file model-v2.csv (CSV, C-alpha atoms)
chain,number,residue,atom,x,y,z
A,93,MET,CA,51.2,-66.7,45.5
A,94,PRO,CA,47.6,-67.8,44.9
A,95,PHE,CA,45.5,-69.7,47.4
A,96,VAL,CA,42.8,-72.0,46.1
A,97,ASN,CA,40.2,-73.8,48.2
A,98,ILE,CA,38.2,-76.5,46.4
A,99,ARG,CA,35.2,-77.9,48.2
A,100,ILE,CA,33.6,-81.1,47.0
A,101,THR,CA,31.2,-83.6,48.5
A,102,LYS,CA,32.9,-86.4,50.4
A,103,GLU,CA,32.4,-89.3,48.2
A,104,ASP,CA,35.1,-91.3,46.5
A,105,ALA,CA,37.9,-89.0,45.4
A,106,THR,CA,41.2,-90.9,45.5
A,107,ALA,CA,44.6,-89.5,46.4
A,108,GLU,CA,45.5,-89.6,42.7
A,109,GLN,CA,42.5,-87.6,41.7
A,110,LYS,CA,43.2,-85.0,44.4
A,111,GLN,CA,46.8,-84.9,43.2
A,112,GLU,CA,45.4,-84.2,39.7
A,113,LEU,CA,43.2,-81.4,40.9
A,114,ILE,CA,46.2,-79.8,42.8
A,115,LYS,CA,48.4,-80.1,39.7
A,116,GLY,CA,45.7,-78.9,37.3
A,117,VAL,CA,44.7,-75.8,39.2
A,118,THR,CA,48.3,-74.8,39.9
A,119,ASP,CA,49.2,-75.1,36.2
A,120,LEU,CA,46.1,-73.1,35.3
A,121,LEU,CA,47.1,-70.2,37.5
A,122,ALA,CA,50.6,-70.3,36.0
A,123,LYS,CA,49.3,-70.3,32.4
A,124,THR,CA,46.5,-67.8,32.9
A,125,LEU,CA,48.1,-65.3,35.2
A,126,GLY,CA,51.8,-66.2,35.3
A,127,LYS,CA,51.6,-67.2,39.0
A,128,ASN,CA,54.6,-69.0,40.5
A,129,PRO,CA,53.6,-72.7,41.1
A,130,LYS,CA,56.1,-72.8,44.0
A,131,THR,CA,54.0,-70.5,46.1
A,132,THR,CA,50.6,-71.7,44.9
A,133,PHE,CA,48.6,-73.4,47.8
A,134,VAL,CA,45.6,-75.6,47.2
A,135,ILE,CA,43.4,-77.0,49.9
A,136,ILE,CA,40.6,-79.5,49.2
A,137,ASP,CA,37.7,-79.8,51.6
A,138,GLU,CA,35.5,-82.9,51.4
A,139,VAL,CA,32.1,-82.1,52.8
A,140,GLU,CA,29.6,-84.7,54.2
A,141,LEU,CA,26.4,-85.1,52.1
A,142,ASP,CA,24.2,-84.0,55.1
A,143,ASN,CA,26.2,-80.8,55.3
A,144,TRP,CA,25.9,-79.6,51.8
A,145,GLY,CA,22.7,-78.1,50.5
A,146,ILE,CA,21.5,-76.8,47.1
A,147,GLY,CA,18.0,-75.6,46.2
A,148,GLY,CA,17.0,-75.8,49.9
A,149,GLU,CA,17.8,-79.5,50.3
A,150,SER,CA,20.7,-81.4,51.6
A,151,VAL,CA,22.5,-83.6,49.0
A,152,THR,CA,21.5,-86.6,51.1
A,153,GLU,CA,17.8,-85.7,50.4
A,154,LEU,CA,18.5,-84.9,46.8
A,155,ARG,CA,20.1,-88.2,46.1
A,156,LYS,CA,17.0,-90.1,47.4
A,157,LYS,CA,14.9,-88.6,44.6
B,287,MET,CA,35.2,-58.7,66.8
B,288,PRO,CA,37.8,-60.3,64.6
B,289,PHE,CA,37.4,-63.7,63.1
B,290,VAL,CA,40.5,-65.8,62.5
B,291,ASN,CA,40.7,-69.1,60.6
B,292,ILE,CA,44.0,-71.0,60.9
B,293,ARG,CA,44.5,-73.9,58.5
B,294,ILE,CA,47.3,-76.4,59.2
B,295,THR,CA,48.1,-79.9,58.0
B,296,LYS,CA,46.5,-82.6,60.2
B,297,GLU,CA,49.5,-84.0,62.0
B,298,ASP,CA,50.1,-84.0,65.7
B,299,ALA,CA,48.9,-80.7,67.1
B,300,THR,CA,47.8,-81.3,70.7
B,301,ALA,CA,44.9,-79.6,72.5
B,302,GLU,CA,47.5,-77.6,74.4
B,303,GLN,CA,49.2,-76.3,71.3
B,304,LYS,CA,45.8,-75.4,69.8
B,305,GLN,CA,45.0,-73.5,73.0
B,306,GLU,CA,48.3,-71.7,72.7
B,307,LEU,CA,47.5,-70.7,69.1
B,308,ILE,CA,44.0,-69.4,70.1
B,309,LYS,CA,45.4,-67.4,73.0
B,310,GLY,CA,48.3,-66.1,71.0
B,311,VAL,CA,46.4,-64.8,68.0
B,312,THR,CA,43.7,-63.3,70.3
B,313,ASP,CA,46.4,-61.4,72.3
B,314,LEU,CA,48.0,-60.3,69.0
B,315,LEU,CA,44.8,-58.7,67.8
B,316,ALA,CA,44.3,-57.0,71.1
B,317,LYS,CA,47.8,-55.6,71.2
B,318,THR,CA,48.1,-54.6,67.5
B,319,LEU,CA,44.6,-53.3,66.8
B,320,GLY,CA,43.0,-53.0,70.3
B,321,LYS,CA,40.4,-55.6,69.4
B,322,ASN,CA,38.3,-57.0,72.3
B,323,PRO,CA,39.4,-60.5,73.1
B,324,LYS,CA,35.8,-61.4,74.3
B,325,THR,CA,34.5,-61.2,70.8
B,326,THR,CA,37.5,-62.6,69.0
B,327,PHE,CA,36.8,-66.0,67.3
B,328,VAL,CA,39.4,-68.4,66.2
B,329,ILE,CA,38.8,-71.6,64.2
B,330,ILE,CA,41.5,-74.1,63.5
B,331,ASP,CA,41.1,-76.4,60.5
B,332,GLU,CA,43.3,-79.5,60.3
B,333,VAL,CA,43.7,-80.6,56.7
B,334,GLU,CA,44.7,-84.2,55.6
B,335,LEU,CA,48.0,-84.4,53.8
B,336,ASP,CA,46.4,-85.6,50.6
B,337,ASN,CA,44.2,-82.6,50.5
B,338,TRP,CA,46.8,-79.9,50.7
B,339,GLY,CA,49.0,-79.0,47.8
B,340,ILE,CA,51.9,-76.7,47.3
B,341,GLY,CA,54.0,-76.3,44.1
B,342,GLY,CA,51.5,-78.6,42.3
B,343,GLU,CA,52.0,-81.5,44.6
B,344,SER,CA,50.1,-82.8,47.6
B,345,VAL,CA,52.0,-82.8,50.9
B,346,THR,CA,51.8,-86.6,50.9
B,347,GLU,CA,53.9,-86.6,47.7
B,348,LEU,CA,56.2,-83.9,48.9
B,349,ARG,CA,57.0,-85.8,52.1
B,350,LYS,CA,58.1,-88.9,50.1
B,351,LYS,CA,60.9,-86.9,48.6
C,115,MET,CA,52.7,-74.4,55.4
C,116,PRO,CA,49.9,-72.8,57.4
C,117,PHE,CA,47.3,-70.6,55.9
C,118,VAL,CA,45.7,-67.9,58.1
C,119,ASN,CA,42.8,-65.7,57.3
C,120,ILE,CA,42.2,-62.8,59.6
C,121,ARG,CA,38.9,-60.9,59.2
C,122,ILE,CA,38.5,-57.5,60.8
C,123,THR,CA,36.0,-54.6,60.4
C,124,LYS,CA,37.2,-52.1,57.8
C,125,GLU,CA,38.1,-49.2,60.0
C,126,ASP,CA,41.5,-47.7,60.3
C,127,ALA,CA,44.1,-50.4,60.2
C,128,THR,CA,47.3,-49.0,58.8
C,129,ALA,CA,49.8,-50.9,56.5
C,130,GLU,CA,52.2,-51.0,59.6
C,131,GLN,CA,49.6,-52.6,61.8
C,132,LYS,CA,48.7,-55.2,59.1
C,133,GLN,CA,52.5,-55.9,58.8
C,134,GLU,CA,52.6,-56.4,62.5
C,135,LEU,CA,49.7,-58.9,62.4
C,136,ILE,CA,51.3,-60.8,59.5
C,137,LYS,CA,54.6,-61.0,61.4
C,138,GLY,CA,53.0,-61.8,64.7
C,139,VAL,CA,50.8,-64.7,63.5
C,140,THR,CA,53.7,-66.1,61.4
C,141,ASP,CA,56.0,-66.1,64.5
C,142,LEU,CA,53.3,-67.6,66.6
C,143,LEU,CA,52.9,-70.6,64.3
C,144,ALA,CA,56.7,-71.1,64.2
C,145,LYS,CA,57.0,-70.9,67.9
C,146,THR,CA,53.9,-73.0,68.8
C,147,LEU,CA,54.0,-75.7,66.1
C,148,GLY,CA,57.4,-75.3,64.5
C,149,LYS,CA,55.8,-74.2,61.2
C,150,ASN,CA,58.2,-72.8,58.5
C,151,PRO,CA,57.6,-69.0,58.2
C,152,LYS,CA,58.6,-69.1,54.5
C,153,THR,CA,55.5,-71.1,53.6
C,154,THR,CA,53.2,-69.4,56.0
C,155,PHE,CA,50.5,-67.4,54.2
C,156,VAL,CA,48.4,-64.7,55.9
C,157,ILE,CA,45.4,-62.9,54.3
C,158,ILE,CA,43.6,-60.1,56.0
C,159,ASP,CA,40.1,-59.3,54.9
C,160,GLU,CA,38.6,-55.9,55.9
C,161,VAL,CA,34.8,-56.1,56.1
C,162,GLU,CA,32.4,-53.1,55.8
C,163,LEU,CA,30.5,-52.3,59.0
C,164,ASP,CA,27.1,-52.9,57.3
C,165,ASN,CA,28.3,-56.4,56.3
C,166,TRP,CA,29.3,-57.7,59.7
C,167,GLY,CA,26.7,-58.7,62.3
C,168,ILE,CA,26.9,-59.9,65.8
C,169,GLY,CA,23.9,-60.6,68.1
C,170,GLY,CA,21.6,-60.2,65.1
C,171,GLU,CA,22.6,-56.6,64.4
C,172,SER,CA,25.1,-55.1,61.9
C,173,VAL,CA,28.0,-53.3,63.4
C,174,THR,CA,26.7,-50.1,61.9
C,175,GLU,CA,23.6,-50.5,64.0
C,176,LEU,CA,25.5,-51.5,67.1
C,177,ARG,CA,27.8,-48.5,66.9
C,178,LYS,CA,24.7,-46.2,67.0
C,179,LYS,CA,23.8,-47.4,70.5
D,260,MET,CA,23.4,-67.7,43.3
D,261,PRO,CA,24.5,-67.1,46.9
D,262,PHE,CA,26.9,-69.3,48.7
D,263,VAL,CA,26.5,-69.7,52.5
D,264,ASN,CA,29.0,-71.3,54.9
D,265,ILE,CA,27.7,-72.0,58.4
D,266,ARG,CA,30.2,-73.0,61.0
D,267,ILE,CA,29.1,-74.6,64.2
D,268,THR,CA,30.8,-76.5,67.0
D,269,LYS,CA,30.6,-80.3,66.4
D,270,GLU,CA,28.1,-81.4,69.0
D,271,ASP,CA,24.9,-83.1,68.3
D,272,ALA,CA,23.3,-81.5,65.2
D,273,THR,CA,21.1,-84.1,63.5
D,274,ALA,CA,20.6,-84.5,59.7
D,275,GLU,CA,17.1,-83.1,60.2
D,276,GLN,CA,18.4,-80.0,62.0
D,277,LYS,CA,21.0,-79.5,59.2
D,278,GLN,CA,18.2,-79.8,56.6
D,279,GLU,CA,16.3,-77.2,58.5
D,280,LEU,CA,19.3,-74.8,58.5
D,281,ILE,CA,19.8,-75.4,54.7
D,282,LYS,CA,16.1,-74.8,54.0
D,283,GLY,CA,15.9,-71.8,56.3
D,284,VAL,CA,18.8,-69.9,55.0
D,285,THR,CA,17.9,-70.6,51.4
D,286,ASP,CA,14.3,-69.2,52.0
D,287,LEU,CA,15.8,-66.2,53.8
D,288,LEU,CA,17.9,-65.3,50.8
D,289,ALA,CA,14.9,-65.7,48.4
D,290,LYS,CA,12.7,-63.6,50.6
D,291,THR,CA,15.2,-60.8,51.5
D,292,LEU,CA,17.1,-60.5,48.2
D,293,GLY,CA,15.0,-62.4,45.7
D,294,LYS,CA,17.8,-64.9,45.2
D,295,ASN,CA,17.0,-68.1,43.2
D,296,PRO,CA,16.9,-71.1,45.6
D,297,LYS,CA,18.0,-73.4,42.8
D,298,THR,CA,21.4,-71.9,42.7
D,299,THR,CA,21.8,-71.3,46.5
D,300,PHE,CA,24.6,-73.4,48.0
D,301,VAL,CA,24.9,-74.0,51.7
D,302,ILE,CA,27.8,-75.7,53.4
D,303,ILE,CA,27.8,-76.5,57.1
D,304,ASP,CA,31.2,-77.1,58.8
D,305,GLU,CA,31.2,-78.8,62.2
D,306,VAL,CA,34.3,-77.8,64.2
D,307,GLU,CA,35.8,-79.8,67.1
D,308,LEU,CA,35.6,-78.1,70.5
D,309,ASP,CA,39.4,-78.0,70.8
D,310,ASN,CA,39.6,-76.2,67.5
D,311,TRP,CA,37.3,-73.3,68.2
D,312,GLY,CA,38.3,-70.4,70.5
D,313,ILE,CA,36.5,-67.4,71.8
D,314,GLY,CA,38.0,-64.9,74.3
D,315,GLY,CA,41.4,-66.5,74.0
D,316,GLU,CA,40.2,-70.0,75.2
D,317,SER,CA,39.1,-73.1,73.3
D,318,VAL,CA,35.5,-74.1,73.8
D,319,THR,CA,36.8,-77.3,75.5
D,320,GLU,CA,38.4,-75.1,78.2
D,321,LEU,CA,35.3,-72.8,78.4
D,322,ARG,CA,33.0,-75.7,78.9
D,323,LYS,CA,35.0,-76.8,82.0
D,324,LYS,CA,34.1,-73.6,83.8
E,18,MET,CA,28.4,-79.3,42.8
E,19,PRO,CA,31.9,-78.1,43.7
E,20,PHE,CA,32.7,-74.7,45.1
E,21,VAL,CA,36.0,-73.2,44.3
E,22,ASN,CA,37.5,-70.0,45.9
E,23,ILE,CA,40.6,-68.6,44.2
E,24,ARG,CA,42.5,-65.9,46.0
E,25,ILE,CA,45.0,-63.8,44.2
E,26,THR,CA,46.8,-60.5,44.8
E,27,LYS,CA,44.9,-57.5,43.4
E,28,GLU,CA,47.0,-56.5,40.5
E,29,ASP,CA,46.0,-56.5,36.9
E,30,ALA,CA,43.8,-59.5,36.2
E,31,THR,CA,41.5,-58.7,33.4
E,32,ALA,CA,37.9,-59.9,33.0
E,33,GLU,CA,39.1,-62.2,30.2
E,34,GLN,CA,41.7,-63.8,32.4
E,35,LYS,CA,39.2,-64.3,35.2
E,36,GLN,CA,36.8,-65.9,32.7
E,37,GLU,CA,39.7,-68.2,31.7
E,38,LEU,CA,40.3,-69.2,35.3
E,39,ILE,CA,36.6,-69.8,35.9
E,40,LYS,CA,36.3,-72.0,32.7
E,41,GLY,CA,39.6,-73.8,33.4
E,42,VAL,CA,38.9,-74.8,36.9
E,43,THR,CA,35.3,-75.9,36.0
E,44,ASP,CA,36.6,-78.0,33.2
E,45,LEU,CA,39.3,-79.5,35.5
E,46,LEU,CA,36.6,-80.6,38.0
E,47,ALA,CA,34.5,-82.2,35.2
E,48,LYS,CA,37.5,-84.0,33.8
E,49,THR,CA,39.1,-85.2,37.0
E,50,LEU,CA,36.0,-86.0,39.1
E,51,GLY,CA,33.1,-86.0,36.7
E,52,LYS,CA,31.6,-82.9,38.4
E,53,ASN,CA,28.7,-81.2,36.7
E,54,PRO,CA,29.8,-77.8,35.3
E,55,LYS,CA,26.3,-76.4,35.7
E,56,THR,CA,26.5,-76.6,39.4
E,57,THR,CA,30.2,-75.6,39.8
E,58,PHE,CA,30.7,-72.3,41.5
E,59,VAL,CA,33.9,-70.3,41.3
E,60,ILE,CA,34.6,-67.1,43.3
E,61,ILE,CA,37.8,-65.1,42.8
E,62,ASP,CA,38.9,-62.8,45.6
E,63,GLU,CA,41.5,-60.1,44.8
E,64,VAL,CA,43.4,-59.2,47.9
E,65,GLU,CA,45.3,-55.9,48.4
E,66,LEU,CA,49.1,-56.2,48.6
E,67,ASP,CA,49.2,-54.8,52.1
E,68,ASN,CA,46.7,-57.5,53.2
E,69,TRP,CA,48.6,-60.6,52.0
E,70,GLY,CA,51.7,-61.9,53.8
E,71,ILE,CA,54.2,-64.6,53.2
E,72,GLY,CA,57.3,-65.4,55.2
E,73,GLY,CA,56.1,-62.9,57.8
E,74,GLU,CA,56.1,-59.9,55.4
E,75,SER,CA,53.3,-58.2,53.4
E,76,VAL,CA,53.6,-58.5,49.7
E,77,THR,CA,54.0,-54.7,49.7
E,78,GLU,CA,57.2,-55.1,51.7
E,79,LEU,CA,58.4,-58.1,49.7
E,80,ARG,CA,58.0,-56.2,46.4
E,81,LYS,CA,60.4,-53.4,47.6
E,82,LYS,CA,63.2,-55.8,47.9
F,265,MET,CA,28.9,-69.4,68.8
F,266,PRO,CA,28.2,-70.0,65.1
F,267,PHE,CA,30.0,-68.2,62.3
F,268,VAL,CA,28.1,-67.6,59.1
F,269,ASN,CA,29.6,-66.3,55.9
F,270,ILE,CA,27.1,-65.2,53.2
F,271,ARG,CA,28.5,-64.5,49.7
F,272,ILE,CA,26.3,-62.7,47.2
F,273,THR,CA,27.0,-60.9,43.9
F,274,LYS,CA,27.7,-57.2,44.4
F,275,GLU,CA,24.6,-55.7,43.1
F,276,ASP,CA,22.2,-53.5,45.0
F,277,ALA,CA,21.8,-55.0,48.5
F,278,THR,CA,20.9,-52.1,50.9
F,279,ALA,CA,22.0,-51.8,54.5
F,280,GLU,CA,18.4,-52.7,55.5
F,281,GLN,CA,18.5,-55.9,53.5
F,282,LYS,CA,21.8,-56.8,54.9
F,283,GLN,CA,20.5,-56.1,58.4
F,284,GLU,CA,17.5,-58.4,57.6
F,285,LEU,CA,19.9,-61.2,56.5
F,286,ILE,CA,22.0,-60.9,59.7
F,287,LYS,CA,18.9,-60.9,61.9
F,288,GLY,CA,17.3,-63.8,59.9
F,289,VAL,CA,20.2,-66.1,60.0
F,290,THR,CA,20.9,-65.4,63.6
F,291,ASP,CA,17.3,-66.2,64.5
F,292,LEU,CA,17.4,-69.3,62.4
F,293,LEU,CA,20.4,-70.7,64.3
F,294,ALA,CA,18.8,-69.9,67.7
F,295,LYS,CA,15.5,-71.6,66.7
F,296,THR,CA,17.0,-74.6,65.0
F,297,LEU,CA,20.0,-75.4,67.2
F,298,GLY,CA,19.5,-73.3,70.3
F,299,LYS,CA,22.6,-71.2,69.5
F,300,ASN,CA,23.1,-68.0,71.5
F,301,PRO,CA,22.5,-64.9,69.3
F,302,LYS,CA,25.0,-62.9,71.3
F,303,THR,CA,27.9,-64.9,70.0
F,304,THR,CA,26.6,-65.5,66.5
F,305,PHE,CA,28.8,-63.8,63.9
F,306,VAL,CA,27.6,-63.1,60.3
F,307,ILE,CA,29.8,-61.7,57.6
F,308,ILE,CA,28.4,-60.8,54.2
F,309,ASP,CA,30.8,-60.7,51.2
F,310,GLU,CA,29.7,-58.9,48.1
F,311,VAL,CA,31.5,-60.3,45.0
F,312,GLU,CA,32.0,-58.5,41.7
F,313,LEU,CA,30.2,-60.1,38.7
F,314,ASP,CA,33.5,-60.7,36.9
F,315,ASN,CA,34.7,-62.6,39.9
F,316,TRP,CA,31.8,-65.1,40.2
F,317,GLY,CA,31.4,-68.0,37.9
F,318,ILE,CA,28.8,-70.7,37.4
F,319,GLY,CA,28.7,-73.3,34.7
F,320,GLY,CA,32.1,-72.2,33.5
F,321,GLU,CA,31.1,-68.6,32.8
F,322,SER,CA,31.4,-65.4,34.8
F,323,VAL,CA,28.1,-63.8,35.9
F,324,THR,CA,29.1,-60.8,33.7
F,325,GLU,CA,29.0,-63.2,30.6
F,326,LEU,CA,25.8,-65.0,31.8
F,327,ARG,CA,23.9,-61.7,32.2
F,328,LYS,CA,24.6,-60.8,28.5
F,329,LYS,CA,22.7,-63.8,27.3

call {"tool": "encode", "arguments": {"input": "model-v2.csv", "output": "structure tokens"}}
result
Amino acid sequence: MPFVNIRITKEDATAEQKQELIKGVTDLLAKTLGKNPKTTFVIIDEVELDNWGIGGESVTELRKK
Amino acid sequence: MPFVNIRITKEDATAEQKQELIKGVTDLLAKTLGKNPKTTFVIIDEVELDNWGIGGESVTELRKK
Amino acid sequence: MPFVNIRITKEDATAEQKQELIKGVTDLLAKTLGKNPKTTFVIIDEVELDNWGIGGESVTELRKK
Amino acid sequence: MPFVNIRITKEDATAEQKQELIKGVTDLLAKTLGKNPKTTFVIIDEVELDNWGIGGESVTELRKK
Amino acid sequence: MPFVNIRITKEDATAEQKQELIKGVTDLLAKTLGKNPKTTFVIIDEVELDNWGIGGESVTELRKK
Amino acid sequence: MPFVNIRITKEDATAEQKQELIKGVTDLLAKTLGKNPKTTFVIIDEVELDNWGIGGESVTELRKK
């Protein structure tokens, strides 16, 4: 009964791509650890560029460079 | 000083229902473990149906069935 | 299909108390929002006193006062 | 390679203030623990007032008092 | 720069299996969304059976059935 | 009433260093956003090297290189 939380920047992920992520990570857990897909939860959080930082700078600032 | 994070699908929870959840889980922690309500934090995250998966499918897909 | 994460200080919660928390919050979500208990997940994290801070001090320091 | 998640109520934080938080916490981890800023991630979540509770009440309710 | 948090019950996952999970989910994000593997973070949390509940019961209780 | 979760690899952080992190991030939130230190929560999670991955490899593997 794994729980997976995927956080990505809010850009242009489509419903199809999110569906692919959900399917892919669920399959990965079944294949690698034998986890039951039926009780595998996946939540995707899309985070605004101003709200994500790396190297001390927001992604908004990094993208300007 | 417990911290509780409740994640639900973004549907139609009202402010009153969220208030009930906050009150209910705070009371539960006081009753069960003697935790001080004053320093009990609760955060509710509402997640889009495309962004939540179970059994390898997004809730959007599951609802179509 | 709610997901609940409860974080408490690592002290002396018994398996019975944790079971009570799990049952209580699952029932609360069913009663308040009509959520299906079968797909309600609860994870309890117990956090060391050195690793939890409030008011700028670790709980270890606060307990000395 | 630390990961920091800062959760605040959704009010009026500007892009500049969020940039300051990102820079500040990245510097703090470098200074205190020698962590490499280049691989320090910071995510800020802004939470609606109805969705945050303390002392058994939502912030929306608390602000009315 | 995705961040992935995988939570599984603490049972018998080996270092090799965890490495497989890390590699698999990093590849999935590169393939599905074109995310850069170099800045993809994965954290696996292993949760005690007493601390994970589903359907209102801890996994410890469920396993007895 | 901010909530901050800091995740670092489990290595050799002392209680004093953790206290410094807690104090530092609490002060940062007060200075940057005027947040009340009394209701600022900080939780530090220390993660095993096998359980943290970057660039598709666990930190355990990366450290061997």

call {"tool": "calpha_fit_and_write", "arguments": {"input": "model-v2.csv", "fixed": "chain B", "moving": "chain A", "output": "CSV table (one decimal) with C-alpha atoms, in the frame of the given file"}}
result
chain,number,residue,atom,x,y,z
A,93,MET,CA,35.2,-58.7,66.8
A,94,PRO,CA,37.8,-60.3,64.7
A,95,PHE,CA,37.4,-63.8,63.1
A,96,VAL,CA,40.6,-65.8,62.5
A,97,ASN,CA,40.7,-69.1,60.6
A,98,ILE,CA,44.0,-71.0,60.9
A,99,ARG,CA,44.5,-73.9,58.6
A,100,ILE,CA,47.3,-76.4,59.2
A,101,THR,CA,48.1,-79.9,58.1
A,102,LYS,CA,46.6,-82.6,60.2
A,103,GLU,CA,49.5,-84.0,62.0
A,104,ASP,CA,50.1,-84.0,65.7
A,105,ALA,CA,48.9,-80.7,67.1
A,106,THR,CA,47.8,-81.3,70.7
A,107,ALA,CA,44.9,-79.6,72.5
A,108,GLU,CA,47.5,-77.5,74.4
A,109,GLN,CA,49.2,-76.3,71.3
A,110,LYS,CA,45.8,-75.3,69.8
A,111,GLN,CA,44.9,-73.6,73.0
A,112,GLU,CA,48.3,-71.7,72.6
A,113,LEU,CA,47.5,-70.7,69.1
A,114,ILE,CA,44.0,-69.4,70.1
A,115,LYS,CA,45.5,-67.4,73.0
A,116,GLY,CA,48.4,-66.1,71.0
A,117,VAL,CA,46.4,-64.8,68.0
A,118,THR,CA,43.7,-63.3,70.2
A,119,ASP,CA,46.3,-61.4,72.3
A,120,LEU,CA,48.0,-60.3,69.0
A,121,LEU,CA,44.8,-58.7,67.7
A,122,ALA,CA,44.3,-57.0,71.1
A,123,LYS,CA,47.8,-55.6,71.2
A,124,THR,CA,48.1,-54.6,67.5
A,125,LEU,CA,44.6,-53.3,66.8
A,126,GLY,CA,43.0,-52.9,70.3
A,127,LYS,CA,40.4,-55.7,69.4
A,128,ASN,CA,38.2,-57.0,72.3
A,129,PRO,CA,39.4,-60.6,73.1
A,130,LYS,CA,35.9,-61.4,74.3
A,131,THR,CA,34.5,-61.2,70.8
A,132,THR,CA,37.5,-62.6,69.0
A,133,PHE,CA,36.7,-66.0,67.3
A,134,VAL,CA,39.4,-68.4,66.2
A,135,ILE,CA,38.8,-71.6,64.3
A,136,ILE,CA,41.5,-74.1,63.4
A,137,ASP,CA,41.1,-76.4,60.5
A,138,GLU,CA,43.4,-79.5,60.3
A,139,VAL,CA,43.7,-80.6,56.7
A,140,GLU,CA,44.6,-84.1,55.5
A,141,LEU,CA,48.0,-84.4,53.8
A,142,ASP,CA,46.4,-85.7,50.5
A,143,ASN,CA,44.2,-82.6,50.5
A,144,TRP,CA,46.8,-79.9,50.8
A,145,GLY,CA,49.0,-79.0,47.8
A,146,ILE,CA,51.9,-76.6,47.3
A,147,GLY,CA,54.0,-76.3,44.1
A,148,GLY,CA,51.6,-78.6,42.2
A,149,GLU,CA,52.0,-81.5,44.6
A,150,SER,CA,50.1,-82.9,47.5
A,151,VAL,CA,52.0,-82.8,50.9
A,152,THR,CA,51.8,-86.6,50.9
A,153,GLU,CA,53.9,-86.6,47.6
A,154,LEU,CA,56.2,-84.0,48.9
A,155,ARG,CA,57.0,-85.8,52.1
A,156,LYS,CA,58.1,-88.9,50.1
A,157,LYS,CA,60.9,-86.9,48.5

call {"tool": "closest_atom_pairs", "arguments": {"input": "model-v2.csv", "of": "chain E", "to": "chain C", "cutoff": "6 Å", "atoms": "only C-alpha atoms", "output": "Markdown table"}}
result
| residue | atom | partner | partner_atom | distance |
| --- | --- | --- | --- | --- |
| E:Asp67 | CA | C:Ala129 | CA | 5.9 |
| E:Asn68 | CA | C:Ile158 | CA | 4.9 |
| E:Trp69 | CA | C:Ile157 | CA | 4.6 |
| E:Gly70 | CA | C:Val156 | CA | 4.8 |
| E:Ile71 | CA | C:Phe155 | CA | 4.7 |
| E:Gly72 | CA | C:Lys152 | CA | 4.0 |
| E:Gly73 | CA | C:Lys137 | CA | 4.3 |
| E:Ser75 | CA | C:Gln133 | CA | 5.9 |

call {"tool": "residues_around", "arguments": {"input": "model-v2.csv", "residues": "Thr26 (chain E)", "least_positions_apart": "2", "cutoff": "8 Å", "atoms": "only C-alpha atoms", "output": "PyMOL selection string"}}
result
(chain A and resi 93-94) or (chain E and resi 24+28+63-66+69)

call {"tool": "build_atoms", "arguments": {"input": "model-v2.csv", "residues": "region 312-323 of chain B", "atoms": "N, CA and C atoms", "output": "JSON list (two decimals), keeping the file's coordinate frame"}}
result
[["chain", "number", "residue", "atom", "x", "y", "z"],
["B", 312, "THR", "N", 44.65, -64.20, 69.64],
["B", 312, "THR", "CA", 43.70, -63.30, 70.30],
["B", 312, "THR", "C", 44.45, -62.14, 70.96],
["B", 313, "ASP", "N", 45.54, -62.46, 71.64],
["B", 313, "ASP", "CA", 46.40, -61.40, 72.30],
["B", 313, "ASP", "C", 46.98, -60.49, 71.21],
["B", 314, "LEU", "N", 47.41, -61.09, 70.10],
["B", 314, "LEU", "CA", 48.00, -60.30, 69.00],
["B", 314, "LEU", "C", 47.05, -59.24, 68.48],
["B", 315, "LEU", "N", 45.80, -59.66, 68.30],
["B", 315, "LEU", "CA", 44.80, -58.70, 67.80],
["B", 315, "LEU", "C", 44.45, -57.63, 68.80],
["B", 316, "ALA", "N", 44.50, -57.99, 70.08],
["B", 316, "ALA", "CA", 44.30, -57.00, 71.10],
["B", 316, "ALA", "C", 45.41, -55.97, 71.16],
["B", 317, "LYS", "N", 46.63, -56.49, 71.10],
["B", 317, "LYS", "CA", 47.80, -55.60, 71.20],
["B", 317, "LYS", "C", 47.97, -54.74, 69.95],
["B", 318, "THR", "N", 47.80, -55.34, 68.78],
["B", 318, "THR", "CA", 48.10, -54.60, 67.50],
["B", 318, "THR", "C", 46.97, -53.65, 67.15],
["B", 319, "LEU", "N", 45.72, -54.08, 67.31],
["B", 319, "LEU", "CA", 44.60, -53.30, 66.80],
["B", 319, "LEU", "C", 43.60, -52.91, 67.92],
["B", 320, "GLY", "N", 43.89, -53.28, 69.17],
["B", 320, "GLY", "CA", 43.00, -53.00, 70.30],
["B", 320, "GLY", "C", 41.66, -53.72, 70.20],
["B", 321, "LYS", "N", 41.65, -54.87, 69.54],
["B", 321, "LYS", "CA", 40.40, -55.60, 69.40],
["B", 321, "LYS", "C", 40.07, -56.32, 70.74],
["B", 322, "ASN", "N", 38.79, -56.38, 71.03],
["B", 322, "ASN", "CA", 38.30, -57.00, 72.30],
["B", 322, "ASN", "C", 38.42, -58.51, 72.24],
["B", 323, "PRO", "N", 39.22, -59.08, 73.13],
["B", 323, "PRO", "CA", 39.40, -60.50, 73.10],
["B", 323, "PRO", "C", 38.04, -61.28, 73.29]]
